[in-house]
$ cat query-v1.txt   # compact mmCIF, N, CA and C atoms
# COMPACT_ATOMS: atom_id res chain seq x y z
N MET Y 5 85.20 137.12 79.45
CA MET Y 5 85.40 135.70 79.54
C MET Y 5 84.67 135.18 80.77
N THR Y 6 83.93 134.13 80.60
CA THR Y 6 83.24 133.51 81.73
C THR Y 6 83.87 132.17 82.01
N GLY Y 7 83.74 131.74 83.22
CA GLY Y 7 84.30 130.45 83.62
C GLY Y 7 84.54 130.44 85.11
N THR Y 8 84.70 129.26 85.62
CA THR Y 8 84.98 129.11 87.04
C THR Y 8 86.40 128.63 87.23
N VAL Y 9 86.86 128.70 88.46
CA VAL Y 9 88.19 128.20 88.79
C VAL Y 9 88.32 126.74 88.38
N ASP Y 10 87.26 125.97 88.55
CA ASP Y 10 87.30 124.55 88.20
C ASP Y 10 87.49 124.32 86.71
N ASP Y 11 87.19 125.33 85.88
CA ASP Y 11 87.44 125.21 84.45
C ASP Y 11 88.93 125.23 84.14
N PHE Y 12 89.74 125.77 85.06
CA PHE Y 12 91.16 125.95 84.84
C PHE Y 12 92.04 125.10 85.75
N PHE Y 13 91.43 124.31 86.64
CA PHE Y 13 92.20 123.58 87.62
C PHE Y 13 91.45 122.35 88.08
N SER Y 14 92.19 121.25 88.28
CA SER Y 14 91.57 120.05 88.85
C SER Y 14 92.60 119.28 89.67
N VAL Y 15 92.10 118.58 90.67
CA VAL Y 15 92.90 117.69 91.51
C VAL Y 15 92.13 116.38 91.60
N THR Y 16 92.78 115.29 91.22
CA THR Y 16 92.17 113.97 91.35
C THR Y 16 93.16 113.03 92.03
N VAL Y 17 92.64 112.03 92.71
CA VAL Y 17 93.47 111.05 93.39
C VAL Y 17 93.31 109.72 92.66
N GLN Y 18 94.47 109.12 92.30
CA GLN Y 18 94.45 107.87 91.55
C GLN Y 18 95.42 106.87 92.18
N PRO Y 19 94.98 105.64 92.42
CA PRO Y 19 95.93 104.61 92.84
C PRO Y 19 96.82 104.23 91.65
N ARG Y 20 98.10 104.08 91.91
CA ARG Y 20 99.06 103.66 90.88
C ARG Y 20 100.00 102.63 91.49
N GLY Y 21 99.61 101.40 91.43
CA GLY Y 21 100.43 100.34 91.99
C GLY Y 21 100.59 100.49 93.49
N ALA Y 22 101.84 100.58 93.95
CA ALA Y 22 102.13 100.64 95.38
C ALA Y 22 101.96 102.03 95.97
N LEU Y 23 101.71 103.01 95.14
CA LEU Y 23 101.55 104.37 95.66
C LEU Y 23 100.24 104.96 95.19
N THR Y 24 99.89 106.07 95.80
CA THR Y 24 98.69 106.79 95.40
C THR Y 24 99.13 108.15 94.89
N CYS Y 25 98.55 108.56 93.78
CA CYS Y 25 98.99 109.77 93.10
C CYS Y 25 97.91 110.84 93.15
N VAL Y 26 98.35 112.06 93.47
CA VAL Y 26 97.49 113.24 93.40
C VAL Y 26 97.82 113.90 92.07
N VAL Y 27 96.88 113.86 91.14
CA VAL Y 27 97.10 114.40 89.80
C VAL Y 27 96.54 115.82 89.74
N VAL Y 28 97.41 116.76 89.38
CA VAL Y 28 97.05 118.17 89.35
C VAL Y 28 97.11 118.64 87.90
N ALA Y 29 96.06 119.33 87.46
CA ALA Y 29 96.02 119.82 86.08
C ALA Y 29 95.53 121.26 86.05
N GLY Y 30 96.03 121.99 85.07
CA GLY Y 30 95.58 123.37 84.87
C GLY Y 30 96.56 124.39 85.39
N GLU Y 31 96.04 125.34 86.16
CA GLU Y 31 96.84 126.46 86.66
C GLU Y 31 96.77 126.50 88.18
N LEU Y 32 97.92 126.35 88.83
CA LEU Y 32 98.00 126.37 90.29
C LEU Y 32 98.52 127.74 90.71
N ASP Y 33 97.59 128.58 91.18
CA ASP Y 33 97.93 129.94 91.56
C ASP Y 33 97.14 130.33 92.81
N LEU Y 34 97.14 131.60 93.12
CA LEU Y 34 96.45 132.08 94.32
C LEU Y 34 94.98 131.66 94.35
N ALA Y 35 94.33 131.64 93.20
CA ALA Y 35 92.90 131.30 93.15
C ALA Y 35 92.65 129.81 93.39
N THR Y 36 93.64 128.96 93.11
CA THR Y 36 93.41 127.53 93.21
C THR Y 36 94.23 126.85 94.31
N ALA Y 37 95.19 127.55 94.87
CA ALA Y 37 96.03 126.97 95.92
C ALA Y 37 95.17 126.58 97.12
N GLY Y 38 95.59 125.53 97.79
CA GLY Y 38 94.86 125.05 98.96
C GLY Y 38 94.05 123.80 98.70
N ARG Y 39 94.05 123.32 97.47
CA ARG Y 39 93.25 122.14 97.15
C ARG Y 39 94.07 120.85 97.08
N ILE Y 40 95.39 120.97 97.05
CA ILE Y 40 96.24 119.78 97.01
C ILE Y 40 96.49 119.27 98.43
N GLU Y 41 96.78 120.17 99.32
CA GLU Y 41 97.15 119.83 100.70
C GLU Y 41 96.11 118.92 101.39
N PRO Y 42 94.80 119.21 101.31
CA PRO Y 42 93.83 118.31 101.97
C PRO Y 42 93.88 116.89 101.42
N GLU Y 43 94.14 116.75 100.12
CA GLU Y 43 94.23 115.41 99.53
C GLU Y 43 95.46 114.67 100.05
N VAL Y 44 96.57 115.39 100.15
CA VAL Y 44 97.80 114.78 100.68
C VAL Y 44 97.61 114.37 102.14
N ILE Y 45 97.01 115.24 102.92
CA ILE Y 45 96.74 114.92 104.34
C ILE Y 45 95.85 113.68 104.44
N ALA Y 46 94.80 113.62 103.64
CA ALA Y 46 93.89 112.47 103.68
C ALA Y 46 94.63 111.18 103.33
N LEU Y 47 95.51 111.23 102.34
CA LEU Y 47 96.27 110.04 101.96
C LEU Y 47 97.21 109.61 103.07
N ILE Y 48 97.90 110.57 103.65
CA ILE Y 48 98.83 110.25 104.75
C ILE Y 48 98.06 109.67 105.93
N ASP Y 49 96.94 110.30 106.28
CA ASP Y 49 96.14 109.84 107.42
C ASP Y 49 95.55 108.45 107.19
N SER Y 50 95.32 108.10 105.92
CA SER Y 50 94.75 106.78 105.61
C SER Y 50 95.81 105.69 105.57
N GLY Y 51 97.08 106.07 105.79
CA GLY Y 51 98.14 105.07 105.83
C GLY Y 51 98.87 104.86 104.53
N CYS Y 52 98.70 105.74 103.59
CA CYS Y 52 99.38 105.63 102.30
C CYS Y 52 100.90 105.64 102.54
N ALA Y 53 101.60 104.67 101.98
CA ALA Y 53 103.04 104.52 102.22
C ALA Y 53 103.88 105.52 101.44
N VAL Y 54 103.44 105.89 100.27
CA VAL Y 54 104.15 106.85 99.41
C VAL Y 54 103.10 107.71 98.72
N VAL Y 55 103.33 109.02 98.70
CA VAL Y 55 102.44 109.93 97.99
C VAL Y 55 103.21 110.55 96.83
N GLU Y 56 102.60 110.52 95.66
CA GLU Y 56 103.19 111.15 94.49
C GLU Y 56 102.24 112.25 94.03
N ILE Y 57 102.80 113.41 93.73
CA ILE Y 57 102.03 114.51 93.15
C ILE Y 57 102.45 114.64 91.70
N ASP Y 58 101.53 114.34 90.81
CA ASP Y 58 101.79 114.36 89.37
C ASP Y 58 101.43 115.74 88.83
N LEU Y 59 102.45 116.48 88.44
CA LEU Y 59 102.27 117.85 87.93
C LEU Y 59 102.42 117.92 86.41
N ARG Y 60 102.44 116.79 85.73
CA ARG Y 60 102.68 116.81 84.28
C ARG Y 60 101.59 117.54 83.51
N ALA Y 61 100.37 117.56 84.01
CA ALA Y 61 99.29 118.26 83.31
C ALA Y 61 99.11 119.69 83.82
N LEU Y 62 99.99 120.11 84.71
CA LEU Y 62 99.93 121.48 85.23
C LEU Y 62 100.60 122.40 84.21
N GLU Y 63 99.90 123.47 83.85
CA GLU Y 63 100.41 124.40 82.84
C GLU Y 63 101.09 125.62 83.43
N PHE Y 64 100.75 125.95 84.68
CA PHE Y 64 101.28 127.16 85.31
C PHE Y 64 101.30 126.97 86.81
N ILE Y 65 102.33 127.52 87.46
CA ILE Y 65 102.40 127.53 88.91
C ILE Y 65 103.01 128.85 89.35
N ASP Y 66 102.42 129.46 90.38
CA ASP Y 66 103.00 130.69 90.94
C ASP Y 66 103.51 130.40 92.34
N SER Y 67 103.91 131.45 93.05
CA SER Y 67 104.49 131.26 94.38
C SER Y 67 103.49 130.64 95.36
N SER Y 68 102.21 130.90 95.19
CA SER Y 68 101.20 130.28 96.06
C SER Y 68 101.19 128.76 95.88
N GLY Y 69 101.28 128.34 94.66
CA GLY Y 69 101.31 126.90 94.37
C GLY Y 69 102.59 126.25 94.86
N ILE Y 70 103.71 126.93 94.67
CA ILE Y 70 104.99 126.41 95.16
C ILE Y 70 104.95 126.29 96.68
N HIS Y 71 104.41 127.29 97.34
CA HIS Y 71 104.30 127.25 98.79
C HIS Y 71 103.44 126.07 99.24
N GLU Y 72 102.36 125.80 98.54
CA GLU Y 72 101.52 124.65 98.90
C GLU Y 72 102.28 123.33 98.75
N LEU Y 73 103.06 123.20 97.69
CA LEU Y 73 103.86 121.99 97.52
C LEU Y 73 104.86 121.83 98.66
N LEU Y 74 105.46 122.93 99.07
CA LEU Y 74 106.40 122.88 100.20
C LEU Y 74 105.70 122.48 101.50
N ARG Y 75 104.47 122.96 101.70
CA ARG Y 75 103.71 122.55 102.89
C ARG Y 75 103.41 121.05 102.85
N CYS Y 76 103.05 120.55 101.67
CA CYS Y 76 102.79 119.12 101.52
C CYS Y 76 104.04 118.31 101.83
N ARG Y 77 105.17 118.80 101.37
CA ARG Y 77 106.44 118.13 101.64
C ARG Y 77 106.71 118.06 103.14
N GLU Y 78 106.49 119.16 103.83
CA GLU Y 78 106.72 119.20 105.28
C GLU Y 78 105.76 118.27 106.02
N LEU Y 79 104.50 118.26 105.62
CA LEU Y 79 103.52 117.37 106.25
C LEU Y 79 103.93 115.91 106.09
N ALA Y 80 104.35 115.56 104.90
CA ALA Y 80 104.78 114.18 104.65
C ALA Y 80 106.04 113.85 105.43
N ALA Y 81 107.00 114.76 105.44
CA ALA Y 81 108.26 114.52 106.17
C ALA Y 81 108.00 114.37 107.66
N ASP Y 82 107.10 115.18 108.20
CA ASP Y 82 106.78 115.09 109.63
C ASP Y 82 106.21 113.73 110.01
N ARG Y 83 105.59 113.05 109.04
CA ARG Y 83 104.99 111.74 109.32
C ARG Y 83 105.79 110.61 108.67
N ALA Y 84 107.00 110.93 108.21
CA ALA Y 84 107.90 109.94 107.60
C ALA Y 84 107.29 109.22 106.41
N VAL Y 85 106.50 109.95 105.62
CA VAL Y 85 105.91 109.40 104.40
C VAL Y 85 106.64 110.02 103.21
N PRO Y 86 107.24 109.20 102.35
CA PRO Y 86 107.90 109.74 101.17
C PRO Y 86 106.90 110.46 100.26
N LEU Y 87 107.29 111.63 99.79
CA LEU Y 87 106.48 112.39 98.84
C LEU Y 87 107.36 112.71 97.66
N ARG Y 88 106.86 112.45 96.48
CA ARG Y 88 107.64 112.73 95.28
C ARG Y 88 106.81 113.50 94.28
N LEU Y 89 107.49 114.24 93.44
CA LEU Y 89 106.85 115.01 92.38
C LEU Y 89 107.17 114.37 91.04
N LEU Y 90 106.19 114.33 90.19
CA LEU Y 90 106.36 113.91 88.81
C LEU Y 90 106.09 115.16 87.97
N VAL Y 91 107.12 115.63 87.25
CA VAL Y 91 107.03 116.91 86.54
C VAL Y 91 107.47 116.71 85.10
N ALA Y 92 106.80 117.39 84.18
CA ALA Y 92 107.18 117.37 82.78
C ALA Y 92 108.10 118.56 82.48
N PRO Y 93 108.98 118.42 81.50
CA PRO Y 93 109.77 119.58 81.08
C PRO Y 93 108.83 120.70 80.65
N GLY Y 94 109.17 121.94 80.99
CA GLY Y 94 108.32 123.05 80.61
C GLY Y 94 108.25 124.11 81.69
N PRO Y 95 107.20 124.92 81.65
CA PRO Y 95 107.12 126.07 82.56
C PRO Y 95 107.05 125.74 84.04
N VAL Y 96 106.41 124.65 84.42
CA VAL Y 96 106.31 124.29 85.83
C VAL Y 96 107.69 123.85 86.35
N LEU Y 97 108.38 123.04 85.59
CA LEU Y 97 109.73 122.62 85.97
C LEU Y 97 110.65 123.84 86.07
N ARG Y 98 110.55 124.76 85.12
CA ARG Y 98 111.36 125.98 85.16
C ARG Y 98 111.05 126.80 86.41
N ALA Y 99 109.77 126.95 86.74
CA ALA Y 99 109.38 127.73 87.92
C ALA Y 99 109.94 127.09 89.20
N LEU Y 100 109.86 125.78 89.31
CA LEU Y 100 110.39 125.10 90.49
C LEU Y 100 111.91 125.19 90.56
N THR Y 101 112.56 125.17 89.41
CA THR Y 101 114.01 125.29 89.36
C THR Y 101 114.46 126.70 89.70
N ILE Y 102 113.83 127.70 89.09
CA ILE Y 102 114.19 129.10 89.32
C ILE Y 102 113.95 129.50 90.77
N SER Y 103 112.90 128.98 91.37
CA SER Y 103 112.59 129.33 92.76
C SER Y 103 113.47 128.56 93.75
N ALA Y 104 114.35 127.72 93.25
CA ALA Y 104 115.32 126.96 94.06
C ALA Y 104 114.66 126.02 95.06
N VAL Y 105 113.54 125.42 94.70
CA VAL Y 105 112.89 124.45 95.58
C VAL Y 105 112.95 123.03 95.03
N LEU Y 106 113.32 122.88 93.79
CA LEU Y 106 113.31 121.56 93.16
C LEU Y 106 114.15 120.55 93.94
N GLU Y 107 115.31 120.98 94.43
CA GLU Y 107 116.20 120.06 95.14
C GLU Y 107 115.65 119.63 96.50
N ARG Y 108 114.58 120.25 96.96
CA ARG Y 108 113.96 119.85 98.24
C ARG Y 108 113.03 118.66 98.08
N PHE Y 109 112.77 118.26 96.85
CA PHE Y 109 111.82 117.19 96.58
C PHE Y 109 112.53 116.00 95.92
N ASP Y 110 111.92 114.84 96.08
CA ASP Y 110 112.25 113.68 95.26
C ASP Y 110 111.46 113.90 93.96
N VAL Y 111 112.17 114.10 92.85
CA VAL Y 111 111.52 114.50 91.60
C VAL Y 111 111.86 113.53 90.48
N GLU Y 112 110.85 113.21 89.70
CA GLU Y 112 111.05 112.51 88.45
C GLU Y 112 110.58 113.42 87.33
N VAL Y 113 111.46 113.67 86.37
CA VAL Y 113 111.10 114.48 85.21
C VAL Y 113 110.74 113.52 84.09
N ALA Y 114 109.49 113.59 83.63
CA ALA Y 114 109.01 112.69 82.60
C ALA Y 114 107.99 113.41 81.74
N ALA Y 115 107.95 113.07 80.50
CA ALA Y 115 107.00 113.69 79.57
C ALA Y 115 105.59 113.23 79.79
$ encode --input "query-v1.txt" --output "structure tokens"
Amino acid sequence: MTGTVDDFFSVTVQPRGALTCVVVAGELDLATAGRIEPEVIALIDSGCAVVEIDLRALEFIDSSGIHELLRCRELAADRAVPLRLLVAPGPVLRALTISAVLERFDVEVAA
């Protein structure tokens, strides 16, 4: 099988009304972790009042990805910027629930 990491993962930033959303798609694992945090930092540094990370298009997350989300949460909390997750029912929501980190975030579960 040929392909690059970018074939399986993407991060885009989209304005959505009063907040700015980091949209994550594909598989967030050891090979792709580290690409969300710089976007969150840039949004916080630019004065974004609320940051939302949209994980609805994410198909898989491992402990590396969960750790990155926790780092983003800490960065936002340190600067008093609300950070929320938008998650669809499925494997990513299950992984966040099983790892006992879901309650650390402001989360909206939506299809």
$ closest_residue --input "query-v1.txt" --among "Y:Glu41, Y:Asp82, Y:Asp33, Y:Glu56" --to "Gly69 of chain Y" --atoms "only N, CA and C atoms"
Y:Asp33
$ closest_residue --input "query-v1.txt" --among "Y:Cys76, Y:Ala35, Y:Ile65, Y:Leu87" --to "Cys52 of chain Y" --atoms "only C-alpha atoms"
Y:Leu87
$ closest_residue --input "query-v1.txt" --among "Y:Ala29, Y:Val44, Y:Leu59, Y:Val111" --to "Glu78 of chain Y" --atoms "only C-alpha atoms"
Y:Val44
$ closest_residue --input "query-v1.txt" --among "Y:Leu106, Y:Leu62, Y:Ala37, Y:Val27" --to "Ala92 of chain Y" --atoms "all atoms listed in the file"
Y:Leu62
$ closest_residue --input "query-v1.txt" --among "Y:Leu90, Y:Leu32, Y:Ala22, Y:Ile102" --to "Glu72 of chain Y" --atoms "only C-alpha atoms"
Y:Leu32
$ atom_distance --input "query-v1.txt" --atom1 "atom CA of Val26 of chain Y" --atom2 "atom CA of Ile57 of chain Y"
4.7 Å
$ residues_near_point --input "query-v1.txt" --point "(110.9, 114.0, 79.8)" --cutoff "9 Å" --atoms "only C-alpha atoms" --output "PyMOL selection string"
chain Y and resi 91-93+112-115
$ atom_distance --input "query-v1.txt" --atom1 "atom CA of Val15 of chain Y" --atom2 "atom CA of Arg39 of chain Y"
7.2 Å
$ atom_distance --input "query-v1.txt" --atom1 "atom N of Val28 of chain Y" --atom2 "atom C of Ala81 of chain Y"
21.3 Å
